[in-house]
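Q: So here's final.txt, just compact mmCIF, C-alpha atoms:
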# COMPACT_ATOMS: atom_id res chain seq x y z
CA MET A 1 7.27 -28.18 16.42
CA VAL A 2 7.68 -25.50 13.75
CA ASP A 3 11.14 -23.96 13.37
CA ARG A 4 10.77 -22.03 10.13
CA VAL A 5 7.80 -20.33 8.45
CA SER A 6 7.58 -18.72 5.01
CA VAL A 7 4.86 -16.23 4.07
CA ARG A 8 3.87 -14.56 0.80
CA VAL A 9 2.51 -11.03 1.31
CA PRO A 10 1.02 -8.77 -1.39
CA ALA A 11 1.84 -5.11 -1.91
CA SER A 12 -0.91 -2.57 -1.36
CA SER A 13 -2.08 0.82 -2.46
CA ALA A 14 -3.68 3.16 0.08
CA ASN A 15 -5.55 6.48 0.12
CA ILE A 16 -6.87 5.99 -3.46
CA GLY A 17 -8.17 9.40 -4.45
CA PRO A 18 -10.40 10.99 -1.79
CA GLY A 19 -10.00 8.01 0.57
CA PHE A 20 -7.06 9.41 2.57
CA ASP A 21 -6.27 7.00 5.45
CA ALA A 22 -9.61 5.29 4.72
CA PHE A 23 -9.15 3.20 1.54
CA SER A 24 -6.66 0.49 0.63
CA VAL A 25 -6.41 -2.34 -1.87
CA ALA A 26 -4.13 -5.37 -2.04
CA LEU A 27 -2.25 -5.88 -5.32
CA GLU A 28 -1.76 -9.27 -6.97
CA LYS A 29 1.70 -8.06 -8.02
CA PRO A 30 4.23 -7.19 -6.64
CA HIS A 31 4.73 -9.09 -3.38
CA ILE A 32 7.36 -10.12 -0.86
CA HIS A 33 8.31 -13.49 0.61
CA LEU A 34 9.32 -13.44 4.25
CA THR A 35 10.84 -16.36 6.14
CA ALA A 36 11.18 -16.41 9.93
CA GLU A 37 13.44 -19.04 11.54
CA LYS A 38 14.04 -19.66 15.24
CA LEU A 39 17.55 -19.07 16.54
CA GLU A 40 18.16 -21.39 19.45
CA GLY A 41 19.96 -19.86 22.42
CA GLU A 42 19.86 -16.34 20.97
CA MET A 43 17.69 -13.27 21.48
CA GLY A 44 16.57 -10.47 19.21
CA VAL A 45 16.13 -10.30 15.45
CA VAL A 46 18.73 -10.98 12.76
CA LEU A 47 17.78 -9.55 9.36
CA GLU A 48 18.72 -10.52 5.82
CA ALA A 49 17.33 -9.05 2.59
CA ARG A 50 17.44 -10.52 -0.89
CA GLY A 51 15.81 -9.75 -4.19
CA PRO A 52 15.55 -6.76 -6.54
CA PHE A 53 14.90 -4.12 -3.86
CA SER A 54 17.04 -5.59 -1.07
CA ARG A 55 19.42 -2.62 -0.99
CA GLN A 56 16.60 -0.34 0.13
CA VAL A 57 15.51 -2.62 3.00
CA PRO A 58 16.96 -1.40 6.35
CA LEU A 59 18.79 -4.17 8.20
CA ASN A 60 18.90 -2.35 11.52
CA PRO A 61 16.11 -3.95 13.63
CA VAL A 62 15.18 -0.55 15.05
CA GLN A 63 14.43 0.75 11.55
CA ASN A 64 12.97 -2.39 9.97
CA ALA A 65 9.17 -2.85 10.06
CA ALA A 66 9.34 -6.67 10.14
CA ALA A 67 11.74 -6.64 13.11
CA ARG A 68 9.67 -4.05 14.98
CA ALA A 69 6.46 -6.02 14.43
CA PHE A 70 8.03 -9.30 15.56
CA GLN A 71 9.49 -7.69 18.66
CA SER A 72 6.10 -6.16 19.49
CA LEU A 73 4.52 -9.61 19.21
CA VAL A 74 7.14 -11.20 21.48
CA LEU A 75 7.00 -8.44 24.10
CA GLU A 76 3.21 -8.39 24.20
CA ARG A 77 3.07 -12.13 24.83
CA GLY A 78 5.91 -12.06 27.37
CA LEU A 79 8.09 -14.43 25.35
CA ARG A 80 11.84 -14.69 24.87
CA CYS A 81 12.92 -15.74 21.41
CA GLY A 82 15.62 -15.18 18.83
CA VAL A 83 14.67 -15.18 15.17
CA LYS A 84 16.26 -14.76 11.76
CA ILE A 85 14.03 -12.96 9.26
CA VAL A 86 14.84 -13.18 5.56
CA ILE A 87 12.97 -10.77 3.29
CA GLU A 88 12.73 -11.47 -0.44
CA ALA A 89 12.15 -7.85 -1.35
CA GLY A 90 9.92 -7.80 -4.42
CA ILE A 91 8.07 -4.54 -3.62
CA PRO A 92 9.68 -1.21 -4.56
CA VAL A 93 10.64 0.54 -1.32
CA ALA A 94 9.48 4.09 -0.44
CA LYS A 95 7.32 4.26 -3.57
CA GLY A 96 3.82 4.22 -2.04
CA LEU A 97 3.21 0.46 -2.41
CA GLY A 98 3.15 -0.55 1.25
CA ALA A 99 6.52 -2.35 1.39
CA SER A 100 6.96 -1.77 5.13
CA GLY A 101 3.36 -2.74 5.86
CA ALA A 102 3.84 -6.00 3.96
CA GLU A 103 7.01 -6.73 5.93
CA ALA A 104 5.22 -6.10 9.23
CA VAL A 105 2.31 -8.33 8.24
CA GLY A 106 4.68 -11.11 7.13
CA ALA A 107 6.53 -10.98 10.46
CA VAL A 108 3.32 -11.18 12.50
CA VAL A 109 1.78 -14.01 10.45
CA ALA A 110 5.03 -15.99 10.47
CA GLY A 111 5.70 -15.18 14.12
CA GLU A 112 2.26 -16.34 15.20
CA LYS A 113 2.82 -19.77 13.64
CA LEU A 114 6.47 -19.97 14.74
CA LEU A 115 5.59 -19.26 18.38
CA GLY A 116 2.47 -21.43 18.47
CA LEU A 117 0.14 -18.51 19.17
CA SER A 118 -3.50 -17.95 18.27
CA LEU A 119 -4.16 -14.32 17.41
CA SER A 120 -7.40 -12.68 16.44
CA GLU A 121 -7.62 -10.73 13.19
CA GLU A 122 -7.73 -7.51 15.20
CA ASP A 123 -4.57 -8.53 17.10
CA ARG A 124 -2.67 -9.22 13.87
CA ILE A 125 -3.66 -5.83 12.49
CA ARG A 126 -2.87 -3.96 15.69
CA ILE A 127 0.57 -5.55 16.19
CA ALA A 128 1.59 -5.13 12.53
CA ALA A 129 0.33 -1.53 12.48
CA SER A 130 2.41 -0.74 15.57
CA ALA A 131 5.48 -1.00 13.30
CA GLU A 132 4.13 1.61 10.86
CA PRO A 133 4.69 5.39 11.26
CA GLY A 134 1.77 6.88 13.14
CA PHE A 135 0.21 3.44 13.70
CA HIS A 136 -1.55 3.59 10.30
CA ALA A 137 -3.38 0.39 9.48
CA ASP A 138 -4.53 0.96 5.88
CA ASN A 139 -1.64 -0.81 4.08
CA VAL A 140 -1.43 -3.43 6.84
CA ILE A 141 -5.09 -4.43 6.51
CA ALA A 142 -4.82 -4.74 2.72
CA SER A 143 -1.68 -6.90 2.87
CA LEU A 144 -3.18 -9.07 5.61
CA LEU A 145 -6.70 -9.56 4.23
CA GLY A 146 -6.48 -8.82 0.51
CA GLY A 147 -9.28 -7.16 -1.44
CA PHE A 148 -10.47 -3.60 -1.01
CA ASN A 149 -10.69 -2.17 2.47
CA ILE A 150 -12.49 0.73 4.12
CA ILE A 151 -10.97 1.80 7.42
CA ASP A 152 -11.98 4.09 10.26
CA SER A 153 -9.39 4.66 12.95
CA SER A 154 -10.38 6.99 15.78
CA ARG A 155 -10.47 7.23 19.54
CA GLU A 156 -13.35 4.73 19.47
CA GLY A 157 -10.97 2.16 18.02
CA LEU A 158 -10.32 0.58 14.63
CA ILE A 159 -13.28 -0.36 12.43
CA PHE A 160 -12.72 -1.87 8.99
CA LEU A 161 -14.72 -3.50 6.23
CA ASN A 162 -13.14 -5.89 3.73
CA VAL A 163 -14.86 -5.75 0.33
CA LYS A 164 -14.36 -8.05 -2.65
CA PRO A 165 -13.58 -5.75 -5.62
CA PRO A 166 -15.42 -6.23 -8.93
CA GLU A 167 -13.60 -8.86 -11.01
CA ASN A 168 -13.28 -6.55 -14.01
CA ILE A 169 -11.06 -3.98 -12.29
CA GLY A 170 -7.59 -3.79 -13.79
CA LEU A 171 -4.65 -1.88 -12.31
CA VAL A 172 -1.36 -0.52 -13.59
CA VAL A 173 1.32 0.90 -11.29
CA LEU A 174 3.86 3.32 -12.73
CA VAL A 175 6.84 3.66 -10.41
CA PRO A 176 8.94 6.81 -10.99
CA LYS A 177 12.66 6.95 -10.29
CA PHE A 178 11.96 10.01 -8.17
CA GLU A 179 12.69 9.25 -4.51
CA LYS A 180 10.13 10.77 -2.19
CA LYS A 181 10.59 11.86 1.36
CA SER A 182 9.38 9.41 4.00
CA THR A 183 5.68 8.82 4.56
CA GLU A 184 6.03 10.69 7.82
CA GLU A 185 7.49 13.69 5.99
CA ALA A 186 4.70 13.50 3.40
CA ARG A 187 2.17 13.79 6.21
CA LYS A 188 3.93 16.87 7.55
CA ALA A 189 3.33 18.61 4.22
CA ILE A 190 -0.37 18.76 5.06
CA THR A 191 -0.23 21.94 7.11
CA GLN A 192 -3.65 23.35 6.23
CA THR A 193 -7.21 22.21 6.79
CA PRO A 194 -9.81 21.63 4.07
CA THR A 195 -12.54 24.15 3.44
CA LEU A 196 -16.14 23.15 4.07
CA SER A 197 -16.61 22.64 0.32
CA GLU A 198 -13.52 20.42 0.07
CA TYR A 199 -14.61 18.40 3.11
CA VAL A 200 -18.07 17.80 1.64
CA GLN A 201 -16.62 16.83 -1.75
CA ALA A 202 -14.18 14.34 -0.23
CA LEU A 203 -16.89 12.83 1.98
CA SER A 204 -19.48 12.49 -0.78
CA ARG A 205 -17.00 11.06 -3.29
CA ALA A 206 -15.57 8.56 -0.82
CA SER A 207 -19.09 7.45 0.08
CA LEU A 208 -20.05 7.01 -3.57
CA ILE A 209 -16.82 5.12 -4.31
CA SER A 210 -17.58 2.69 -1.47
CA ALA A 211 -21.08 2.11 -2.79
CA ALA A 212 -19.85 1.75 -6.38
CA LEU A 213 -17.38 -0.93 -5.27
CA ALA A 214 -20.02 -2.85 -3.36
CA LEU A 215 -22.46 -2.65 -6.29
CA GLY A 216 -19.90 -3.37 -9.00
CA LYS A 217 -20.46 -0.02 -10.75
CA VAL A 218 -16.99 0.33 -12.25
CA ASP A 219 -17.90 3.25 -14.57
CA LEU A 220 -18.98 5.34 -11.58
CA LEU A 221 -15.86 4.28 -9.69
CA LEU A 222 -13.60 5.50 -12.50
CA ARG A 223 -15.38 8.86 -12.68
CA LEU A 224 -14.92 9.58 -8.97
CA ILE A 225 -11.57 8.14 -7.86
CA PRO A 226 -9.22 10.58 -9.66
CA PHE A 227 -10.56 13.76 -8.12
CA ASP A 228 -9.38 14.17 -4.55
CA PRO A 229 -10.21 17.77 -3.63
CA PHE A 230 -7.56 18.22 -0.96
CA ILE A 231 -4.70 15.82 -0.05
CA GLU A 232 -3.32 15.16 -3.55
CA ARG A 233 -3.58 18.86 -4.39
CA VAL A 234 -1.60 19.90 -1.31
CA ARG A 235 1.07 17.23 -1.76
CA ALA A 236 1.44 17.88 -5.49
CA ASN A 237 2.02 21.58 -4.86
CA ALA A 238 4.59 20.66 -2.19
CA GLY A 239 6.64 18.77 -4.81
CA LEU A 240 6.07 15.31 -3.32
CA TYR A 241 5.06 13.67 -6.60
CA GLY A 242 8.06 14.81 -8.64
CA PRO A 243 10.05 18.01 -9.08
CA GLY A 244 8.13 19.06 -12.21
CA TYR A 245 4.69 18.41 -10.82
CA SER A 246 2.07 20.78 -9.51
CA TRP A 247 -1.59 20.06 -8.89
CA GLU A 248 -2.43 21.81 -12.16
CA ARG A 249 -0.26 19.38 -14.14
CA LEU A 250 -1.48 16.32 -12.24
CA LEU A 251 -5.10 17.38 -12.74
CA GLU A 252 -4.43 17.85 -16.46
CA GLU A 253 -3.27 14.22 -16.63
CA LYS A 254 -6.24 12.93 -14.65
CA GLU A 255 -8.73 14.67 -16.91
CA LYS A 256 -7.03 13.57 -20.15
CA LEU A 257 -6.70 9.93 -19.06
CA LEU A 258 -10.34 9.71 -18.06
CA ARG A 259 -11.67 11.60 -21.06
CA GLU A 260 -9.60 9.97 -23.81
CA PHE A 261 -8.75 6.52 -22.43
CA GLU A 262 -11.40 5.81 -19.74
CA VAL A 263 -8.60 5.29 -17.23
CA ALA A 264 -8.64 6.70 -13.69
CA LEU A 265 -5.39 8.07 -12.24
CA CYS A 266 -4.57 8.56 -8.58
CA ILE A 267 -1.45 8.60 -6.44
CA SER A 268 -0.64 5.33 -4.68
CA GLY A 269 -0.30 5.94 -0.94
CA SER A 270 1.88 8.97 -0.31
CA GLY A 271 3.49 8.49 -3.72
CA PRO A 272 5.29 8.91 -5.90
CA SER A 273 3.89 5.84 -7.72
CA ARG A 274 0.88 6.40 -9.95
CA LEU A 275 -2.04 3.97 -9.86
CA LEU A 276 -4.15 3.54 -13.01
CA ILE A 277 -7.55 1.89 -12.68
CA TYR A 278 -9.57 0.63 -15.64
CA ASP A 279 -12.36 -1.71 -16.73
CA SER A 280 -10.62 -4.86 -17.99
CA ARG A 281 -13.67 -5.84 -20.08
CA LYS A 282 -12.83 -3.01 -22.50
CA GLY A 283 -9.44 -4.40 -23.49
CA LEU A 284 -5.90 -3.13 -23.09
CA GLU A 285 -5.38 -0.96 -26.17
CA ARG A 286 -6.48 2.32 -24.57
CA VAL A 287 -4.83 1.37 -21.27
CA GLU A 288 -1.51 0.90 -23.06
CA GLN A 289 -1.97 4.29 -24.75
CA ALA A 290 -2.62 5.83 -21.34
CA VAL A 291 0.54 4.18 -19.96
CA GLU A 292 2.57 5.50 -22.89
CA TYR A 293 1.26 9.04 -22.38
CA LEU A 294 1.88 9.04 -18.64
CA SER A 295 5.29 7.36 -18.99
CA ASP A 296 6.39 10.16 -21.31
CA ARG A 297 5.19 12.78 -18.83
CA LEU A 298 7.06 11.11 -15.96
CA GLU A 299 10.23 10.89 -18.03
CA ARG A 300 10.06 14.61 -18.77
CA MET A 301 8.84 15.98 -15.44
CA ALA A 302 9.59 13.51 -12.65
CA GLY A 303 13.11 12.30 -13.39
CA GLY A 304 12.23 9.13 -15.27
CA LEU A 305 10.35 5.88 -14.85
CA GLU A 306 11.67 2.91 -12.84
CA THR A 307 9.11 0.27 -13.84
CA VAL A 308 5.55 -0.38 -14.96
CA ILE A 309 3.54 -3.13 -13.24
CA TYR A 310 0.35 -4.53 -14.78
CA THR A 311 -1.66 -6.07 -11.96
CA LYS A 312 -5.13 -6.30 -10.40
CA PRO A 313 -6.64 -6.42 -6.91
CA SER A 314 -5.48 -9.46 -4.97
CA PRO A 315 -8.49 -11.36 -3.59
CA GLY A 316 -6.36 -12.82 -0.80
CA GLY A 317 -3.82 -11.42 1.61
CA ALA A 318 -0.85 -12.89 3.46
CA GLU A 319 -0.49 -16.63 2.93
CA ILE A 320 1.78 -19.16 4.63
CA THR A 321 3.63 -20.99 1.86
CA ALA A 322 5.94 -23.32 3.82
CA LEU A 323 6.41 -24.80 7.30
CA HIS A 324 9.54 -26.61 8.46
Could you spell out this file's structure in C-alpha cells?
A:
Amino acid sequence: MVDRVSVRVPASSANIGPGFDAFSVALEKPHIHLTAEKLEGEMGVVLEARGPFSRQVPLNPVQNAAARAFQSLVLERGLRCGVKIVIEAGIPVAKGLGASGAEAVGAVVAGEKLLGLSLSEEDRIRIAASAEPGFHADNVIASLLGGFNIIDSSREGLIFLNVKPPENIGLVVLVPKFEKKSTEEARKAITQTPTLSEYVQALSRASLISAALALGKVDLLLRLIPFDPFIERVRANAGLYGPGYSWERLLEEKEKLLREFEVALCISGSGPSRLLIYDSRKGLERVEQAVEYLSDRLERMAGGLETVIYTKPSPGGAEITALH
C-alpha cells in the first residue's frame, strides 16, 4: 500500500521558433518536486507550495494545474479520494517554462502510483493536458517524456514523436522580470492569419529543424530556429515580450547573436523568457558574451532580468523519487 509519492518533473520550453504548438523540449534545469499524500476520510485536494516561486503558485484547486489534473484522474476512474499535494516550486511561474504543465504531469504520475492505477502513455498525456488552457499538450509531453518532442494535435487525435536531442546542444534561459499576460491572453493576441509566404516559410523551417535534430546537424538547427516568420513577430509587436520590444528589435538581437556568437535566440513558450541554443563543443566564451549582450538589452528595454539559467535538454522526463 502506497500512501505518499514524490515526483521530480523537469521544466520545458515549447514553440521554439517556427514550431508553434508543435515543438517542445524538456530542460535539465529548472524542475519541480511534487508530493501527493492520501488523506484518509477526506475528499478533494489540499494544496501547499514551497520553494523560491511558491508565492506565484495558486492554492485554489480550481486554479491550480496539479489539482485539476488529479481531479480529472479521479473522476475519470470513478474513484473517491482525498489528497494533499505539496509543490516544491523550482520553475519560474508565468515565464514560458511550462510550470503549470510540470505540475499537471507530477500530479498524474504521482496519482497513478498512489491510486494503484495502470495508465497508458497517451492517458497520462491526455489527463495532464486537460488541466492546461486550451488542452495544449506540448509542455506536458516534454515534462512527461523528456527530450525533444514534435506534436500534432488535430481532430484526428494527438500524434507525437519523442526525439533524443544531439548531446552537444547547450541551452541558456534568460528570465525577465517583466510579467506577461496569461498564456491564454497571449494566444488571443494572434488575431490575424499568416500569408501564403509566411505559411510556407514556417512549414519548411519546422520540417528542416525536425530533420536537423534527428540527424544531429546542430549548425543547421541554429541557423533555422531563430526565424519564426509569424507568431513571434505578431506577439512582439503586441508588447508580449517586454514593453520596449517590437519585432524589429527582437529580430536585430536574433541576427546579431547568430552572426557574432553562433547562438540561436527564440522565445520560450509564450514568453517572456528567452531561450538561447548553442553548440556546446565550441565552448562557453561566446555564449557568455551573448548572455551579457542580451542581459543588457533586457535590463534597458524589458524592465530587468530575474535570473539566468544555464541548462541543456533533459533526456528523461517525470521520475518518481520516493514511495512511502
Q: For the point (0.2, 8.0, -22.6) in the file's frame, write as a list in words all residues with an atom no more than 12 Å away, counting all atoms listed in the file.
A: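 Those residues lying close to the given coordinates are Leu174, Glu253, Lys254, Lys256, Leu257, Leu258, Glu260, Phe261, Val263, Leu265, Leu276, Glu285, Arg286, Val287, Glu288, Gln289, Ala290, Val291, Glu292, Tyr293, Leu294, Ser295, Asp296, Arg297, Leu298 and Glu299 of chain A.
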Q: Only C-alpha atoms, please: the residues just picked out, written as a PDB file, in the frame of the given file.
A:
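Okay, selection38.pdb is ready:
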ATOM      1  CA  LEU A 174       3.860   3.320 -12.730  1.00  0.00           C
ATOM      2  CA  GLU A 253      -3.270  14.220 -16.630  1.00  0.00           C
ATOM      3  CA  LYS A 254      -6.240  12.930 -14.650  1.00  0.00           C
ATOM      4  CA  LYS A 256      -7.030  13.570 -20.150  1.00  0.00           C
ATOM      5  CA  LEU A 257      -6.700   9.930 -19.060  1.00  0.00           C
ATOM      6  CA  LEU A 258     -10.340   9.710 -18.060  1.00  0.00           C
ATOM      7  CA  GLU A 260      -9.600   9.970 -23.810  1.00  0.00           C
ATOM      8  CA  PHE A 261      -8.750   6.520 -22.430  1.00  0.00           C
ATOM      9  CA  VAL A 263      -8.600   5.290 -17.230  1.00  0.00           C
ATOM     10  CA  LEU A 265      -5.390   8.070 -12.240  1.00  0.00           C
ATOM     11  CA  LEU A 276      -4.150   3.540 -13.010  1.00  0.00           C
ATOM     12  CA  GLU A 285      -5.380  -0.960 -26.170  1.00  0.00           C
ATOM     13  CA  ARG A 286      -6.480   2.320 -24.570  1.00  0.00           C
ATOM     14  CA  VAL A 287      -4.830   1.370 -21.270  1.00  0.00           C
ATOM     15  CA  GLU A 288      -1.510   0.900 -23.060  1.00  0.00           C
ATOM     16  CA  GLN A 289      -1.970   4.290 -24.750  1.00  0.00           C
ATOM     17  CA  ALA A 290      -2.620   5.830 -21.340  1.00  0.00           C
ATOM     18  CA  VAL A 291       0.540   4.180 -19.960  1.00  0.00           C
ATOM     19  CA  GLU A 292       2.570   5.500 -22.890  1.00  0.00           C
ATOM     20  CA  TYR A 293       1.260   9.040 -22.380  1.00  0.00           C
ATOM     21  CA  LEU A 294       1.880   9.040 -18.640  1.00  0.00           C
ATOM     22  CA  SER A 295       5.290   7.360 -18.990  1.00  0.00           C
ATOM     23  CA  ASP A 296       6.390  10.160 -21.310  1.00  0.00           C
ATOM     24  CA  ARG A 297       5.190  12.780 -18.830  1.00  0.00           C
ATOM     25  CA  LEU A 298       7.060  11.110 -15.960  1.00  0.00           C
ATOM     26  CA  GLU A 299      10.230  10.890 -18.030  1.00  0.00           C
TER      27      GLU A 299
END
Q: For Ser24 of chain A, which residue among A:Ala142, A:Leu75, A:Ala107, A:Ala137 is the nearest when counting only C-alpha atoms?
A: A:Ala142
Q: Need to verify the contact set: Asp123 of chain A, 12 Å, only C-alpha atoms, exclusion of same-chain residues closer than 4 positions in sequence. Can you return it as a ChimeraX atom specification?
A: /A:69,72-73,76-77,105,108-109,112,117-119,127-130,137,140-141,144,158
Q: Out of A:Glu121, A:Asp279, A:Glu319, A:Glu88, which residue has the shortest atom-to-atom distance to Val9 of chain A when counting only C-alpha atoms?
A: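 Ranked by minimum distance to Val9 of chain A, first place goes to A:Glu319.
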Q: Could you tell me how far atom CA of Leu224 of chain A lies from atom CA of Ala238 of chain A, in Å and to one decimal?
A: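 These atoms are spaced 23.4 Å apart.
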Q: What is the atom CA of Val7 of chain A to atom CA of Ala94 of chain A distance in Å?
A: 21.3 Å
Q: Point out the residue among A:Asn139, A:Asn168, A:Ser154, A:Ser6 with the least atom-to-atom distance to Thr35 of chain A, counting all atoms listed in the file.
A: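 Among A:Asn139, A:Asn168, A:Ser154, A:Ser6, it is A:Ser6 that comes nearest to Thr35 of chain A.
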Q: Counting only C-alpha atoms, select every polymer residue within 12 Å of (-1.0, 17.2, -4.4) as defined in the file's coordinates, and provide the selection as a PyMOL selection string.
A: chain A and resi 17-18+186-187+189-190+226-242+245-251+266-272
Q: What does the structure give for the distance between atom CA of Leu215 of chain A and atom CA of Ala11 of chain A, in Å to one decimal?
A: 24.8 Å
Q: Pick the closest to Ile309 of chain A from A:Val173, A:Ala14, A:Ala67, A:Ile159: which is it, counting all atoms listed in the file?
A: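 Of A:Val173, A:Ala14, A:Ala67, A:Ile159, the one nearest Ile309 of chain A, counting all atoms listed in the file, is A:Val173.
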Q: Using only C-alpha atoms, find the one residue out of A:Ala104, A:Ala131, A:Ile85, A:Ala26 that sits nearest to Leu59 of chain A.
A: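 Between A:Ala104, A:Ala131, A:Ile85, A:Ala26, the residue approaching Leu59 of chain A most closely is A:Ile85.
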Q: Between A:Ile225, A:Leu145, A:Ala211, A:Cys81, which one has atoms that come closest to Tyr278 of chain A, using all atoms listed in the file?
A: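 Of the candidates, the smallest distance to Tyr278 of chain A is held by A:Ile225.
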Q: When you look at Ile151 of chain A with a cut-off of 7 Å (counting only C-alpha atoms), what residues show up, excluding the ones that are within fewer than 6 positions of it in the same chain? I need them as a list in words.
A: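 Near Ile151 of chain A, the qualifying residues are Ala22, Phe23, Asp138, Ile159, Phe160 and Leu161 of chain A.
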Q: Could you get me a file of segment 80-147 of chain A with C-alpha atoms, as a PDB file, in the first residue's frame, taken from the block above?
A:
ATOM      1  CA  ARG A  80     -13.278   8.883  -4.338  1.00  0.00           C
ATOM      2  CA  CYS A  81     -10.110  10.102  -2.707  1.00  0.00           C
ATOM      3  CA  GLY A  82      -8.698  12.978  -0.704  1.00  0.00           C
ATOM      4  CA  VAL A  83      -5.120  14.046  -1.325  1.00  0.00           C
ATOM      5  CA  LYS A  84      -2.606  16.606  -0.118  1.00  0.00           C
ATOM      6  CA  ILE A  85      -0.317  17.893  -2.869  1.00  0.00           C
ATOM      7  CA  VAL A  86       2.883  19.703  -1.912  1.00  0.00           C
ATOM      8  CA  ILE A  87       4.667  21.527  -4.730  1.00  0.00           C
ATOM      9  CA  GLU A  88       8.337  22.457  -4.363  1.00  0.00           C
ATOM     10  CA  ALA A  89       8.146  25.287  -6.870  1.00  0.00           C
ATOM     11  CA  GLY A  90      11.521  25.497  -8.594  1.00  0.00           C
ATOM     12  CA  ILE A  91      10.242  26.673 -12.003  1.00  0.00           C
ATOM     13  CA  PRO A  92       9.569  30.396 -12.555  1.00  0.00           C
ATOM     14  CA  VAL A  93       5.813  30.826 -12.915  1.00  0.00           C
ATOM     15  CA  ALA A  94       4.179  32.546 -15.926  1.00  0.00           C
ATOM     16  CA  LYS A  95       7.549  32.907 -17.666  1.00  0.00           C
ATOM     17  CA  GLY A  96       7.138  30.467 -20.569  1.00  0.00           C
ATOM     18  CA  LEU A  97       8.860  27.485 -18.904  1.00  0.00           C
ATOM     19  CA  GLY A  98       5.893  25.144 -18.532  1.00  0.00           C
ATOM     20  CA  ALA A  99       5.424  25.428 -14.749  1.00  0.00           C
ATOM     21  CA  SER A 100       1.724  24.505 -14.881  1.00  0.00           C
ATOM     22  CA  GLY A 101       2.367  21.651 -17.303  1.00  0.00           C
ATOM     23  CA  ALA A 102       5.018  20.242 -14.968  1.00  0.00           C
ATOM     24  CA  GLU A 103       2.605  20.455 -12.033  1.00  0.00           C
ATOM     25  CA  ALA A 104      -0.103  18.633 -14.005  1.00  0.00           C
ATOM     26  CA  VAL A 105       2.324  15.901 -15.066  1.00  0.00           C
ATOM     27  CA  GLY A 106       3.582  15.476 -11.492  1.00  0.00           C
ATOM     28  CA  ALA A 107       0.015  15.095 -10.187  1.00  0.00           C
ATOM     29  CA  VAL A 108      -0.887  12.464 -12.797  1.00  0.00           C
ATOM     30  CA  VAL A 109       2.309  10.430 -12.345  1.00  0.00           C
ATOM     31  CA  ALA A 110       2.045  10.562  -8.547  1.00  0.00           C
ATOM     32  CA  GLY A 111      -1.711   9.965  -8.622  1.00  0.00           C
ATOM     33  CA  GLU A 112      -1.368   6.900 -10.822  1.00  0.00           C
ATOM     34  CA  LYS A 113       1.003   5.261  -8.335  1.00  0.00           C
ATOM     35  CA  LEU A 114      -0.921   6.488  -5.283  1.00  0.00           C
ATOM     36  CA  LEU A 115      -4.214   5.038  -6.566  1.00  0.00           C
ATOM     37  CA  GLY A 116      -2.734   1.789  -7.879  1.00  0.00           C
ATOM     38  CA  LEU A 117      -3.675   2.519 -11.490  1.00  0.00           C
ATOM     39  CA  SER A 118      -2.045   1.488 -14.751  1.00  0.00           C
ATOM     40  CA  LEU A 119      -2.258   4.255 -17.336  1.00  0.00           C
ATOM     41  CA  SER A 120      -1.023   4.271 -20.886  1.00  0.00           C
ATOM     42  CA  GLU A 121       1.342   6.999 -22.040  1.00  0.00           C
ATOM     43  CA  GLU A 122      -1.489   8.517 -24.052  1.00  0.00           C
ATOM     44  CA  ASP A 123      -3.750   8.539 -20.967  1.00  0.00           C
ATOM     45  CA  ARG A 124      -1.123  10.338 -18.877  1.00  0.00           C
ATOM     46  CA  ILE A 125      -0.701  12.986 -21.567  1.00  0.00           C
ATOM     47  CA  ARG A 126      -4.421  13.434 -22.125  1.00  0.00           C
ATOM     48  CA  ILE A 127      -5.300  13.765 -18.425  1.00  0.00           C
ATOM     49  CA  ALA A 128      -2.404  16.137 -17.672  1.00  0.00           C
ATOM     50  CA  ALA A 129      -3.179  18.235 -20.764  1.00  0.00           C
ATOM     51  CA  SER A 130      -6.810  18.567 -19.640  1.00  0.00           C
ATOM     52  CA  ALA A 131      -5.506  20.881 -16.881  1.00  0.00           C
ATOM     53  CA  GLU A 132      -3.781  23.201 -19.379  1.00  0.00           C
ATOM     54  CA  PRO A 133      -5.516  26.157 -21.097  1.00  0.00           C
ATOM     55  CA  GLY A 134      -6.905  25.012 -24.429  1.00  0.00           C
ATOM     56  CA  PHE A 135      -5.866  21.402 -23.759  1.00  0.00           C
ATOM     57  CA  HIS A 136      -2.358  22.065 -25.137  1.00  0.00           C
ATOM     58  CA  ALA A 137      -0.072  19.075 -24.770  1.00  0.00           C
ATOM     59  CA  ASP A 138       3.315  20.448 -25.884  1.00  0.00           C
ATOM     60  CA  ASN A 139       4.724  21.333 -22.430  1.00  0.00           C
ATOM     61  CA  VAL A 140       3.027  18.302 -20.869  1.00  0.00           C
ATOM     62  CA  ILE A 141       4.650  15.848 -23.283  1.00  0.00           C
ATOM     63  CA  ALA A 142       8.106  17.345 -22.728  1.00  0.00           C
ATOM     64  CA  SER A 143       7.813  17.240 -18.926  1.00  0.00           C
ATOM     65  CA  LEU A 144       6.444  13.694 -19.024  1.00  0.00           C
ATOM     66  CA  LEU A 145       8.821  12.137 -21.567  1.00  0.00           C
ATOM     67  CA  GLY A 146      11.888  14.376 -21.654  1.00  0.00           C
ATOM     68  CA  GLY A 147      13.885  15.037 -24.807  1.00  0.00           C
TER      69      GLY A 147
END
